[in-house]
Amino acid sequence: MAVPGPAPGAGSRPRLDLQFLQRFLQILKVLFPCWSSQNALMFLTLLCLTLLEQLVIYQVGLIPSQYYGVLGNKDLEGFKTLTFLAVMLIVLNSTLKSFDQFTCNLLYVSWRKDLTEHLHCLYFRGRVYYTLNVLRDDIDNPDQRISQDVERFCRQLSSMASKLIISPFTLVYYTYQCFQRFKHMQIRVNAEPAAFYSRHQHL
């Protein structure tokens, strides 16, 4: 006799709550069993590639302003050197993007393998296989759920990995830069009072 499950739609809607975070942390423990695991090393490699890629993008962004000085001075050698540097940076950026995508694909394959094997170990432990397929009517086709849901989850997570790991660094860097521009603006605005105060101190 099948065990009735919860009514459709009752509590089945995904929610970002404590239970979600607990389950996500459990999945991360499967994907990253230790710091020296293959997945952890690939993730650190992806972090280094992403940081280096952002550094190259920043250097490429500085190139156009340097062209103003070279063209204004009619410096042919400087123009050739700057153009060569720009081409090298663009090629390096493209190479880093390719390695970034390649590492994400490797992570996807490795994550899917580890998570699928872990779920299969739980699936065939004891009477879980029989319970899910015969006694429970609220879970349809567990085999398909394991294969398809794991594939979609790992693919989505790998596609978001590089963006997620670089976001905190980018946020901290540009927050610091905005703070430095703000302090510089304060100095410019208060330049006259500061000069009078300094002169008063010397008197």
# chains A, B, ... in the order shown; residues from 1 in each chain; ligands from 1
$ residues_around --residues "range 35-47 of chain A" --least-positions-apart "6" --cutoff "10 Å" --atoms "only C-alpha atoms" --output "ChimeraX atom specification"
/A:53,99-104,106-108,110-111,114,158,161-166
$ closest_residue --among "A:Leu49, A:Cys178, A:Val134, A:Leu82" --to "Leu62 in chain A" --atoms "only C-alpha atoms"
A:Leu82
$ select_by_dssp --residues "range 31-186 of chain A" --states "alpha helix (DSSP H)" --output "ChimeraX atom specification"
/A:31,38-72,76-123,128-130,142-186
$ residues_around --residues "Pro64 in chain A" --least-positions-apart "4" --cutoff "12 Å" --atoms "only C-alpha atoms" --output "list in words"
Tyr58, Gln59, Val60, Tyr68, Gly69, Val70, Leu71, Phe79, Leu82, Thr83, Leu85 and Ala86 of chain A
$ closest_atom_pairs --of "range 82-134 of chain A" --to "range 11-28 of chain A" --cutoff "12 Å" --atoms "only C-alpha atoms" --output "tab-separated table"
residue	atom	partner	partner_atom	distance
A:Trp111	CA	A:Leu28	CA	9.7
A:Arg112	CA	A:Ile27	CA	11.2
A:Asp114	CA	A:Ile27	CA	10.1
A:Leu115	CA	A:Ile27	CA	7.7
A:Thr116	CA	A:Ile27	CA	11.1
A:His118	CA	A:Ile27	CA	9.7
A:Leu119	CA	A:Ile27	CA	10.3
$ residues_around --residues "Val56 in chain A" --least-positions-apart "6" --cutoff "9 Å" --atoms "only C-alpha atoms" --output "mmCIF file with C-alpha atoms, in the first residue's frame"
data_model
loop_
_atom_site.group_PDB
_atom_site.id
_atom_site.type_symbol
_atom_site.label_atom_id
_atom_site.label_comp_id
_atom_site.auth_asym_id
_atom_site.auth_seq_id
_atom_site.Cartn_x
_atom_site.Cartn_y
_atom_site.Cartn_z
ATOM 1 C CA LEU A 89 46.386 42.170 -23.643
ATOM 2 C CA ILE A 90 43.378 41.336 -25.822
ATOM 3 C CA LEU A 92 45.735 37.264 -23.162
ATOM 4 C CA ASN A 93 42.196 38.166 -22.129
#
$ closest_residue --among "A:Cys121, A:Thr50, A:Tyr130, A:Pro33" --to "Ser98 in chain A" --atoms "only C-alpha atoms"
A:Thr50
$ closest_residue --among "A:Asn105, A:Ser147, A:Gln54, A:Asn141" --to "Glu117 in chain A" --atoms "only C-alpha atoms"
A:Ser147
